[in-house]
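Peer 1: Below you will find the structure I want to go over with you.
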Amino acid sequence: MKTVLVTGGAGFVGSQTVLHLQDHGYRVVVIDDLSTGHRQFGLHADRFYEGCVEDTALLDQVLVDESVDGVIHCAARALVEESTREPVAYFQANVGNFGVLLDALVRHGTRPVVFSSSATVYGAPDEVPIEENTRTLPINPYGESKLAAERLLAACGTSYGLPGLSLRYFNAAGADAACRVGEWRRHETHAIPNLIAAGLDGNTFTVCGADWPTPDGSCIRDFIHTEDLARAHRLGLEYLWAGGESTALNLGSGNGISVLELAQLVSKVLQAEIHLEIAPRRPGDAAVLTAQTIRAREVLGFVAQRSSIQQIIEDAVAWALALRNRHQD
Ligand SMILES: NC(=O)c1ccc[n+]([C@@H]2O[C@H](COP(=O)([O-])OP(=O)(O)OC[C@H]3O[C@@H](n4cnc5c(N)ncnc54)[C@H](O)[C@@H]3O)[C@@H](O)[C@H]2O)c1
């Protein structure tokens, strides 16, 4: 049985990836400092280490004791707006800490690394769908840090022969079909959970910009279900174990939905009205961000299966209700 180390395995994407790997016969070890993750999620792992990826002694211990065959690196700071206020902290967390992990792998023997990158590496390109060879031009420190981390991983491939795969997710969404894990943040900034909360609590949801050059004036985004993301990570590791070349791939559904359409759909699934207010555009936003998905299919055989927007919203609603029930217990 192969062992996979998932950093950030107590977070939204990481925890779903842990469950998926276990469902496919892997043993999973998690390192997570619980800065934004949850102990309940981390405890799904076969072995949970509460700690930081920049803790060299912890990494030495894990790499010696756990005979890790591959690494999925999800641990990061991942809020765009926060990154504009704390750029140094973001580069430290997303590039510096990744360097500490990669250095430990080099010292203990290289093995494949799948890295959680992001569509923010592209910034706001003129043309969609976005292909992997679209120029990378991030427009915020978060995107800059993800691009720098991709480059660091690629450099470790060149210098040390470390196999690496960067997965550029578009908008991660949905929840585990069995409601074991899902989106759960202390300070939520993501559209779908905030629309659900607005519908359940009667709060107002703010649409940032209704004057974009799109059919209804709101931004268009590409959502991918975390169960699909989790499968892509497993396929990515299996690809690298089979000797696949290091590269970077988009992970999206390939379909765009506008924020106003999203609000309507969430309202329909919840059967609750959602009050909307229109605010000015946020600096650094792009009108339309959708993925070209062909390369992930060619390289990994990956096709999104659970990423229809209806399915994503139904799963996210089921999770949000389950989470509320748990907290009332
Ligand atoms: N959610 C999205 O839409 C999205 C899109 C593109 C890329 N990503 C990337 O996917 C990854 C996971 O994102 P998420 O949405 O699950 O976020 P999340 O905040 O839920 O998960 C991140 C996890 O990493 C842990 N962590 C953070 N710093 C750590 C450190 N120094 N040491 C150990 N653990 C640490 C946190 O406690 C948390 O459990 C991130 O790298 C993010 O940049 C997310």
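FYI, nothing fancy with the structure tokens labels: chains A, B, ... in order, residues from 1 per chain, ligands from 1 as they appear.
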With a distance cut-off of 9 Å and only C-alpha atoms, select the neighbouring residues of Gly42 (chain A), excluding the residue or stretch itself and same-chain residues fewer than 5 positions from it, and output the selection as a PyMOL selection string.
Peer 2: chain A and resi 8-11+15+18+30-32+34+37+47-50
Peer 1: Include N, CA and C atoms and write out the residues we just selected as a short mmCIF file (atom, residue, chain, number, x, y, z; two decimals), in the first residue's frame.
Peer 2:
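What follows is the written file result-v5.cif:
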```
data_model
loop_
_atom_site.label_atom_id
_atom_site.label_comp_id
_atom_site.auth_asym_id
_atom_site.auth_seq_id
_atom_site.Cartn_x
_atom_site.Cartn_y
_atom_site.Cartn_z
N GLY A 8 -1.95 20.39 4.49
CA GLY A 8 -3.23 21.12 4.40
C GLY A 8 -4.40 20.16 4.26
N GLY A 9 -4.23 18.93 4.74
CA GLY A 9 -5.27 17.91 4.60
C GLY A 9 -6.46 18.09 5.52
N ALA A 10 -6.42 19.13 6.36
CA ALA A 10 -7.58 19.43 7.21
C ALA A 10 -8.39 20.60 6.64
N GLY A 11 -8.01 21.04 5.43
CA GLY A 11 -8.73 22.14 4.78
C GLY A 11 -9.78 21.63 3.81
N SER A 15 -8.94 17.93 2.58
CA SER A 15 -9.68 16.88 3.30
C SER A 15 -10.45 15.98 2.33
N VAL A 18 -7.94 13.62 0.88
CA VAL A 18 -7.59 12.54 1.82
C VAL A 18 -8.62 11.41 1.70
N VAL A 30 -1.36 13.30 7.12
CA VAL A 30 -1.64 14.73 6.96
C VAL A 30 -0.77 15.55 7.91
N ILE A 31 -0.21 16.64 7.37
CA ILE A 31 0.36 17.70 8.22
C ILE A 31 -0.51 18.93 8.03
N ASP A 32 -1.03 19.48 9.11
CA ASP A 32 -1.86 20.69 9.00
C ASP A 32 -1.73 21.46 10.32
N LEU A 34 -3.85 23.73 11.26
CA LEU A 34 -5.22 24.12 11.65
C LEU A 34 -5.42 25.64 11.65
N GLY A 37 -7.85 25.17 8.78
CA GLY A 37 -8.46 23.84 8.68
C GLY A 37 -9.14 23.44 9.98
N ARG A 47 -2.92 9.06 9.68
CA ARG A 47 -2.05 9.66 10.70
C ARG A 47 -2.12 11.17 10.55
N PHE A 48 -2.50 11.86 11.61
CA PHE A 48 -2.61 13.31 11.55
C PHE A 48 -1.54 13.96 12.42
N TYR A 49 -0.70 14.79 11.81
CA TYR A 49 0.29 15.56 12.54
C TYR A 49 -0.17 17.01 12.58
N GLU A 50 -0.47 17.52 13.76
CA GLU A 50 -0.80 18.94 13.86
C GLU A 50 0.50 19.71 13.90
#
```
Peer 1: At a cut-off of 8 Å and counting only C-alpha atoms and all ligand atoms, what residues surround ligand 1? Please answer as number ranges by chain.
Peer 2: A: 7-15, 31-38, 42, 50-54, 73-79, 93-94, 97, 115-120, 142, 146, 168-173, 183-185, 190
Peer 1: Please produce a file of those selected residues containing C-alpha atoms, as a PDB file, in the first residue's frame.
Peer 2:
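Contents of the output file selection.pdb:
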```
ATOM      1  CA  THR A   7      -0.194  18.986   3.560  1.00  0.00           C
ATOM      2  CA  GLY A   8      -3.226  21.118   4.404  1.00  0.00           C
ATOM      3  CA  GLY A   9      -5.272  17.911   4.597  1.00  0.00           C
ATOM      4  CA  ALA A  10      -7.583  19.426   7.205  1.00  0.00           C
ATOM      5  CA  GLY A  11      -8.731  22.140   4.784  1.00  0.00           C
ATOM      6  CA  PHE A  12     -11.486  22.249   2.172  1.00  0.00           C
ATOM      7  CA  VAL A  13      -9.734  20.708  -0.838  1.00  0.00           C
ATOM      8  CA  GLY A  14      -7.143  18.732   1.134  1.00  0.00           C
ATOM      9  CA  SER A  15      -9.678  16.878   3.304  1.00  0.00           C
ATOM     10  CA  ILE A  31       0.361  17.700   8.225  1.00  0.00           C
ATOM     11  CA  ASP A  32      -1.855  20.691   9.004  1.00  0.00           C
ATOM     12  CA  ASP A  33      -1.419  23.566  11.445  1.00  0.00           C
ATOM     13  CA  LEU A  34      -5.220  24.121  11.648  1.00  0.00           C
ATOM     14  CA  SER A  35      -4.743  27.816  10.860  1.00  0.00           C
ATOM     15  CA  THR A  36      -7.795  27.599   8.571  1.00  0.00           C
ATOM     16  CA  GLY A  37      -8.458  23.842   8.685  1.00  0.00           C
ATOM     17  CA  HIS A  38     -10.426  21.710  11.132  1.00  0.00           C
ATOM     18  CA  GLY A  42      -7.588  16.139   9.808  1.00  0.00           C
ATOM     19  CA  GLU A  50      -0.803  18.942  13.862  1.00  0.00           C
ATOM     20  CA  GLY A  51       2.059  21.159  12.787  1.00  0.00           C
ATOM     21  CA  CYS A  52       3.522  23.463  10.165  1.00  0.00           C
ATOM     22  CA  VAL A  53       5.026  22.501   6.831  1.00  0.00           C
ATOM     23  CA  GLU A  54       7.910  24.857   7.641  1.00  0.00           C
ATOM     24  CA  HIS A  73       0.847  20.095  -1.190  1.00  0.00           C
ATOM     25  CA  CYS A  74      -2.406  21.930  -0.404  1.00  0.00           C
ATOM     26  CA  ALA A  75      -1.233  23.936   2.634  1.00  0.00           C
ATOM     27  CA  ALA A  76      -1.274  27.632   1.829  1.00  0.00           C
ATOM     28  CA  ARG A  77      -2.767  30.976   2.592  1.00  0.00           C
ATOM     29  CA  ALA A  78      -5.441  31.402  -0.028  1.00  0.00           C
ATOM     30  CA  LEU A  79      -7.365  34.665   0.264  1.00  0.00           C
ATOM     31  CA  ALA A  93       3.598  30.973   3.444  1.00  0.00           C
ATOM     32  CA  ASN A  94       3.162  29.983  -0.187  1.00  0.00           C
ATOM     33  CA  ASN A  97       7.291  27.255   3.344  1.00  0.00           C
ATOM     34  CA  PHE A 115       1.015  21.157  -6.032  1.00  0.00           C
ATOM     35  CA  SER A 116      -2.285  23.065  -5.506  1.00  0.00           C
ATOM     36  CA  SER A 117      -1.814  25.968  -7.863  1.00  0.00           C
ATOM     37  CA  SER A 118      -4.503  28.334  -9.037  1.00  0.00           C
ATOM     38  CA  ALA A 119      -6.004  30.019 -12.088  1.00  0.00           C
ATOM     39  CA  THR A 120      -4.925  33.287 -10.444  1.00  0.00           C
ATOM     40  CA  TYR A 142      -1.677  35.545  -3.945  1.00  0.00           C
ATOM     41  CA  LYS A 146       1.339  30.634  -6.616  1.00  0.00           C
ATOM     42  CA  ARG A 168      -4.241  25.213 -11.554  1.00  0.00           C
ATOM     43  CA  TYR A 169      -7.728  25.027 -10.101  1.00  0.00           C
ATOM     44  CA  PHE A 170     -10.357  27.509 -11.156  1.00  0.00           C
ATOM     45  CA  ASN A 171     -13.092  27.892  -8.455  1.00  0.00           C
ATOM     46  CA  ALA A 172     -13.229  24.959  -6.045  1.00  0.00           C
ATOM     47  CA  ALA A 173     -16.755  24.307  -4.776  1.00  0.00           C
ATOM     48  CA  GLU A 183     -16.427  24.298   2.746  1.00  0.00           C
ATOM     49  CA  TRP A 184     -16.179  25.689   6.281  1.00  0.00           C
ATOM     50  CA  ARG A 185     -14.285  28.887   6.970  1.00  0.00           C
ATOM     51  CA  HIS A 190     -16.428  32.549  -1.479  1.00  0.00           C
TER      52      HIS A 190
END
```
Peer 1: Mind pulling up the distance from CA of Thr206 (chain A) to CA of Leu276 (chain A)?
Peer 2: 5.8 Å
Peer 1: As number ranges by chain, list the residues of region 73-314 of chain A assigned to strand (DSSP E or B) by DSSP on the backbone atoms of this structure.
Peer 2: A: 73, 113-118, 130, 164-169, 171-173, 204-208, 220-221, 223-225, 247-251, 257-258, 275-279, 288-289, 291
Peer 1: Restricting it to C-alpha atoms, dump the selection as a PDB file, in the first residue's frame.
Peer 2:
```
ATOM      1  CA  HIS A  73       0.847  20.095  -1.190  1.00  0.00           C
ATOM      2  CA  VAL A 113       4.891  16.317  -5.628  1.00  0.00           C
ATOM      3  CA  VAL A 114       1.459  17.477  -6.784  1.00  0.00           C
ATOM      4  CA  PHE A 115       1.015  21.157  -6.032  1.00  0.00           C
ATOM      5  CA  SER A 116      -2.285  23.065  -5.506  1.00  0.00           C
ATOM      6  CA  SER A 117      -1.814  25.968  -7.863  1.00  0.00           C
ATOM      7  CA  SER A 118      -4.503  28.334  -9.037  1.00  0.00           C
ATOM      8  CA  ILE A 130      -7.777  29.960 -20.731  1.00  0.00           C
ATOM      9  CA  GLY A 164       6.279  17.868  -9.967  1.00  0.00           C
ATOM     10  CA  LEU A 165       2.802  18.619 -11.232  1.00  0.00           C
ATOM     11  CA  SER A 166       1.090  21.973 -10.706  1.00  0.00           C
ATOM     12  CA  LEU A 167      -2.709  21.837 -10.806  1.00  0.00           C
ATOM     13  CA  ARG A 168      -4.241  25.213 -11.554  1.00  0.00           C
ATOM     14  CA  TYR A 169      -7.728  25.027 -10.101  1.00  0.00           C
ATOM     15  CA  ASN A 171     -13.092  27.892  -8.455  1.00  0.00           C
ATOM     16  CA  ALA A 172     -13.229  24.959  -6.045  1.00  0.00           C
ATOM     17  CA  ALA A 173     -16.755  24.307  -4.776  1.00  0.00           C
ATOM     18  CA  THR A 204     -27.928  40.454   1.605  1.00  0.00           C
ATOM     19  CA  PHE A 205     -25.378  39.120  -0.877  1.00  0.00           C
ATOM     20  CA  THR A 206     -23.156  41.699  -2.545  1.00  0.00           C
ATOM     21  CA  VAL A 207     -22.552  41.376  -6.289  1.00  0.00           C
ATOM     22  CA  CYS A 208     -19.289  43.116  -7.163  1.00  0.00           C
ATOM     23  CA  ILE A 220     -18.488  34.728 -15.101  1.00  0.00           C
ATOM     24  CA  ARG A 221     -16.571  31.975 -13.288  1.00  0.00           C
ATOM     25  CA  PHE A 223     -16.599  26.055 -10.728  1.00  0.00           C
ATOM     26  CA  ILE A 224     -15.151  22.603 -10.202  1.00  0.00           C
ATOM     27  CA  HIS A 225     -16.363  20.137  -7.571  1.00  0.00           C
ATOM     28  CA  THR A 247       4.032  20.067 -16.108  1.00  0.00           C
ATOM     29  CA  ALA A 248       1.150  22.382 -15.143  1.00  0.00           C
ATOM     30  CA  LEU A 249      -2.512  21.664 -15.903  1.00  0.00           C
ATOM     31  CA  ASN A 250      -5.797  23.536 -15.635  1.00  0.00           C
ATOM     32  CA  LEU A 251      -8.575  22.026 -13.541  1.00  0.00           C
ATOM     33  CA  ILE A 257     -21.724  30.754 -14.908  1.00  0.00           C
ATOM     34  CA  SER A 258     -22.375  34.370 -13.993  1.00  0.00           C
ATOM     35  CA  HIS A 275     -31.494  39.627  -1.466  1.00  0.00           C
ATOM     36  CA  LEU A 276     -28.834  41.101  -3.732  1.00  0.00           C
ATOM     37  CA  GLU A 277     -27.093  44.451  -3.684  1.00  0.00           C
ATOM     38  CA  ILE A 278     -24.852  45.708  -6.449  1.00  0.00           C
ATOM     39  CA  ALA A 279     -21.476  47.158  -5.446  1.00  0.00           C
ATOM     40  CA  VAL A 288     -14.719  36.007 -17.455  1.00  0.00           C
ATOM     41  CA  LEU A 289     -12.438  33.200 -16.230  1.00  0.00           C
ATOM     42  CA  ALA A 291     -10.746  26.854 -18.252  1.00  0.00           C
TER      43      ALA A 291
END
```
Peer 1: I'd like the interatomic distance between CA of Leu5 (chain A) and CA of Val29 (chain A), to a tenth of an Å.
Peer 2: 4.8 Å
Peer 1: Excluding region 301-305 of chain A and its own-chain neighbours fewer than 5 positions away, which residues fall within 7 Å of it when counting only C-alpha atoms? Please give them as a list in words.
Peer 2: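 Here the qualifying residues turn out to be Asp228, Ala232, Ser253 and Ala296 of chain A.
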Peer 1: Figure out the distance between CA of Glu66 (chain A) and CA of Phe41 (chain A), please, to one decimal in Å.
Peer 2: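 Separation between CA of Phe41 (chain A) and CA of Glu66 (chain A): 19.8 Å.
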Peer 1: Restricting the calculation to only C-alpha atoms, which member of A:Leu270, A:Ala89, A:Val128, A:Leu63 is positioned closest to Ala286 (chain A)?
Peer 2: A:Val128
Peer 1: Skipping near chain neighbours, those fewer than 3 positions away, what residues fall within 10 Å of Tyr26 (chain A) using only C-alpha atoms, listed as a PyMOL selection string?
Peer 2: chain A and resi 1-4+18-23+29+46+234
Peer 1: Fewer than 4 positions away in the same chain doesn't count, so skip those; otherwise give me all residues within 12 Å of Arg111 (chain A), counting only C-alpha atoms, as number ranges by chain.
Peer 2: A: 3-5, 63, 67-72, 101-107, 156-157, 160-165, 237-238, 240-243
Peer 1: My list of candidates is A:Gly254, A:Gly284, A:Gly174, A:Gly217. Which is closest to Ala318 (chain A) when distances are computed with only C-alpha atoms?
Peer 2: A:Gly174
Peer 1: Any idea what's packed within 6 Å of Gly209 (chain A), counting only C-alpha atoms, ignoring anything in its chain fewer than 5 positions away? Could you give it as a ChimeraX atom specification?
Peer 2: /A:218,279-281
Peer 1: Could you save those same residues with C-alpha atoms as a PDB file, in the first residue's frame?
Peer 2:
```pdb
ATOM      1  CA  SER A 218     -21.908  40.184 -13.632  1.00  0.00           C
ATOM      2  CA  ALA A 279     -21.476  47.158  -5.446  1.00  0.00           C
ATOM      3  CA  PRO A 280     -18.703  48.557  -7.644  1.00  0.00           C
ATOM      4  CA  ARG A 281     -16.264  46.176  -9.328  1.00  0.00           C
TER       5      ARG A 281
END
```
